[in-house]
Amino acid sequence: NLKKIYIIVSHSSGELDTLLPLLYELNKKYHLKVKIIVTVKKIYEQIENNKFISDTAKCLQIKIKFSQSYNKFDFTIKKIKKNIFFKLYIQLKYMITNIDIITYDYLLHETTNQKSSTFILRIVSFFFKKKVFIYHHGQSLNQIAIKKNFNYNYRNIYLTFTALNVDWVKALGFKKVKVIGFSKFYKNWINYVRNYSNEFIKNNKYIVIFSRPYDHPYYMNLSKYKYLLESTHYVITKLLPDYEILIKPHPREDVDKILDIINDLQLDNIKITNENSSVISAKAKLTISFWSSAILDSLSLESPSIEYYIEDEKFKKIEPQGSLYRKNGIVSVNNIKELEENIVSIIKNKYIQPKIVNYFKSEMDINFLN
């Protein structure tokens with residue numbers, strides 16, 4: 001029985017890190033026809049230049065196409081106001097180009113609901129009674145800060161990655177919630193990633209830093225980022241001098257800004273990698289997360305993982321419980337002394353995987369297409 005799935009990617013290239021493992025597992029269960037429409041030019045270019053995404057899409061026979069909507073990333077607010085007729089032209093072209101959406105059974109898009117891209121899903125869902133599944137653009141642990149109401153359709157079904165996030169999903173306004181588990185922890189996907197890493201990653205003397213943009217008003221500022229990076233570099237150079245340091249940027253992070261900081265701090269033996277977070281984690285000696293959900297990638301591959309982050313008042317305004325990774329037993333430190341102690345523990349093979357990892361593995365349930 002053929003299952004036809006139509007997906008709109010409109011937030012970030014990181015959405016593929018969520019979608020590909022899910023689609024890989026579904027492909028083991030069903031005969032699939034999948035089409036992914038990317039509506040933002042920069043996001044499409046990132047996806048197109050990513051070998052792992054291309055190889056995996058080819059493996060799954062997934063079509064990934066660029067179809068531009070009049071979105072806030074490609075077009076500024078000022079341009080939108082000044083070029084109303086051009087906007088209408090772009091949106092009409094977008095609808096006509098994607099008319100085949102009516103032939104698909106299931107529609108998917110991510111949480112923030114970029115309306116200039118997802119309006120076509122609402123139209124098709126209303127007139128053709130299609131189910132709309134919604135997922136978060138990143139696989140992460142989430143907590144309630146401000147209640148919102150993103151739910152616009154009683155046919156919407158929210159696919160949450162863990163039961164720990166259900167209250168957060170309901171606070172967004174969604175009534176129908178299905179727990180599918182973190183797709184990064186799906187067994188078939190982990191095997192695929194390990195095999196891919198064995199084939200394409202030859203170096204095994206490196207550590208990975210999961211970075212995040214330093215210009216966020218709540219999560220990270222420049223001085224904090226510099227301290228975390230410089231102190232990490234110091235400890236790794238001291239304890240693992242023969243190991244290369246690889247920085248995996250956040251999907252929306254400006255790589256040039258990272259390079260400027262590296263040059264400013266005069267750090268050596270450090271490089272940027274655009275490899276998939278799971279693939280690069282598979283052979284890493286250890287990973288260090290500057291409060292990034294990418295730590296779940298390395299945990300899924302059972303690589304030693306440390307969260308290294310300093311919480312402050314601004315952070316607590318939007319994350320009132322603090323880091324949920326720390327709260328759920330993942331190693332989390334906020335100073336150089338504890339960072340060094342935990343890396344020494346890893347070197348001595350005394351690192352113990354957090355118990356939450358087995359819990360995440362147990363949550364897989366992909367029966368939402370029935």
# chains A, B, ... in the order shown; residues from 1 in each chain; ligands from 1
$ closest_atom_pairs --of "region 103-175 of chain A" --to "region 293-307 of chain A" --cutoff "12 Å" --atoms "only C-alpha atoms" --output "JSON lines"
{"residue": "A:His136", "atom": "CA", "partner": "A:Ser293", "partner_atom": "CA", "distance": 11.9}
{"residue": "A:His137", "atom": "CA", "partner": "A:Ser293", "partner_atom": "CA", "distance": 11.0}
{"residue": "A:Gly138", "atom": "CA", "partner": "A:Ser293", "partner_atom": "CA", "distance": 7.3}
{"residue": "A:Gln139", "atom": "CA", "partner": "A:Ser293", "partner_atom": "CA", "distance": 6.5}
{"residue": "A:Ser140", "atom": "CA", "partner": "A:Ser293", "partner_atom": "CA", "distance": 5.0}
{"residue": "A:Leu141", "atom": "CA", "partner": "A:Ser293", "partner_atom": "CA", "distance": 7.5}
{"residue": "A:Asn142", "atom": "CA", "partner": "A:Ser293", "partner_atom": "CA", "distance": 9.9}
{"residue": "A:Phe161", "atom": "CA", "partner": "A:Leu296", "partner_atom": "CA", "distance": 11.7}
$ write_last_selection --atoms "C-alpha atoms" --output "PDB file, in the first residue's frame"
ATOM      1  CA  HIS A 136       9.586  20.485  15.578  1.00  0.00           C
ATOM      2  CA  HIS A 137      12.406  21.660  13.312  1.00  0.00           C
ATOM      3  CA  GLY A 138      15.005  20.339  15.760  1.00  0.00           C
ATOM      4  CA  GLN A 139      14.945  17.223  17.918  1.00  0.00           C
ATOM      5  CA  SER A 140      15.222  18.731  21.363  1.00  0.00           C
ATOM      6  CA  LEU A 141      13.832  18.765  24.881  1.00  0.00           C
ATOM      7  CA  ASN A 142      11.425  21.679  25.227  1.00  0.00           C
ATOM      8  CA  PHE A 161       9.720  13.199  19.818  1.00  0.00           C
TER       9      PHE A 161
END
$ select_by_dssp --residues "region 191-257 of chain A" --states "strand (DSSP E or B)" --output "number ranges by chain"
A: 206-210, 216, 220, 244-248
$ write_last_selection --atoms "C-alpha atoms" --output "PDB file, in the first residue's frame"
ATOM      1  CA  TYR A 206      39.064  14.329  16.921  1.00  0.00           C
ATOM      2  CA  ILE A 207      36.541  15.860  19.276  1.00  0.00           C
ATOM      3  CA  VAL A 208      33.407  17.746  18.219  1.00  0.00           C
ATOM      4  CA  ILE A 209      32.012  21.023  19.522  1.00  0.00           C
ATOM      5  CA  PHE A 210      28.318  21.600  18.844  1.00  0.00           C
ATOM      6  CA  HIS A 216      20.892  35.418  20.461  1.00  0.00           C
ATOM      7  CA  MET A 220      24.288  33.194  23.873  1.00  0.00           C
ATOM      8  CA  GLU A 244      41.769  17.753  16.186  1.00  0.00           C
ATOM      9  CA  ILE A 245      38.928  20.037  17.303  1.00  0.00           C
ATOM     10  CA  LEU A 246      35.966  20.171  14.915  1.00  0.00           C
ATOM     11  CA  ILE A 247      33.224  22.782  15.304  1.00  0.00           C
ATOM     12  CA  LYS A 248      29.818  21.761  14.001  1.00  0.00           C
TER      13      LYS A 248
END
$ closest_atom_pairs --of "region 251-288 of chain A" --to "region 165-186 of chain A" --cutoff "12 Å" --atoms "only C-alpha atoms" --output "CSV"
residue,atom,partner,partner_atom,distance
A:Asn276,CA,A:Lys184,CA,11.7
A:Ser277,CA,A:Lys184,CA,10.3
A:Ser278,CA,A:Lys184,CA,8.0
A:Val279,CA,A:Lys184,CA,11.0
$ residues_around --residues "Pro251 (chain A)" --least-positions-apart "3" --cutoff "9 Å" --atoms "only C-alpha atoms" --output "JSON, numbers by chain"
{"A": [12, 13, 14, 43, 46, 212, 254]}
$ closest_residue --among "A:Ile123, A:Val193, A:Val255, A:Ile352" --to "Tyr214 (chain A)" --atoms "only C-alpha atoms"
A:Val255
$ residues_around --residues "Thr118 (chain A)" --least-positions-apart "3" --cutoff "12 Å" --atoms "only C-alpha atoms" --output "number ranges by chain"
A: 6-11, 37-39, 68-71, 91, 94-95, 98, 101, 107-115, 121-125, 132-134, 152
$ closest_residue --among "A:Ile258, A:Ile280, A:Ile64, A:Leu32" --to "Leu16 (chain A)" --atoms "only C-alpha atoms"
A:Ile64
$ select_by_dssp --residues "region 292-325 of chain A" --states "alpha helix (DSSP H)" --output "NGL selection string"
:A and (295-300 or 313-318 or 324-325)
$ closest_residue --among "A:Ile99, A:Ala163, A:Ala282, A:Leu369" --to "His31 (chain A)" --atoms "only C-alpha atoms"
A:Leu369
$ atom_distance --atom1 "CA of Phe315 (chain A)" --atom2 "CA of Lys224 (chain A)"
12.2 Å
$ residues_around --residues "Tyr24 (chain A)" --least-positions-apart "4" --cutoff "8 Å" --atoms "only C-alpha atoms" --output "MDAnalysis selection string"
chainID A and resid 20 28 60 188:189
$ closest_residue --among "A:Leu23, A:Ala284, A:Ile102, A:Ile190" --to "Lys202 (chain A)" --atoms "only C-alpha atoms"
A:Ala284
$ closest_residue --among "A:Ile261, A:Ile347, A:Ile201, A:Leu2" --to "Leu228 (chain A)" --atoms "only C-alpha atoms"
A:Ile261
$ atom_distance --atom1 "CA of Asp312 (chain A)" --atom2 "CA of Tyr225 (chain A)"
13.2 Å
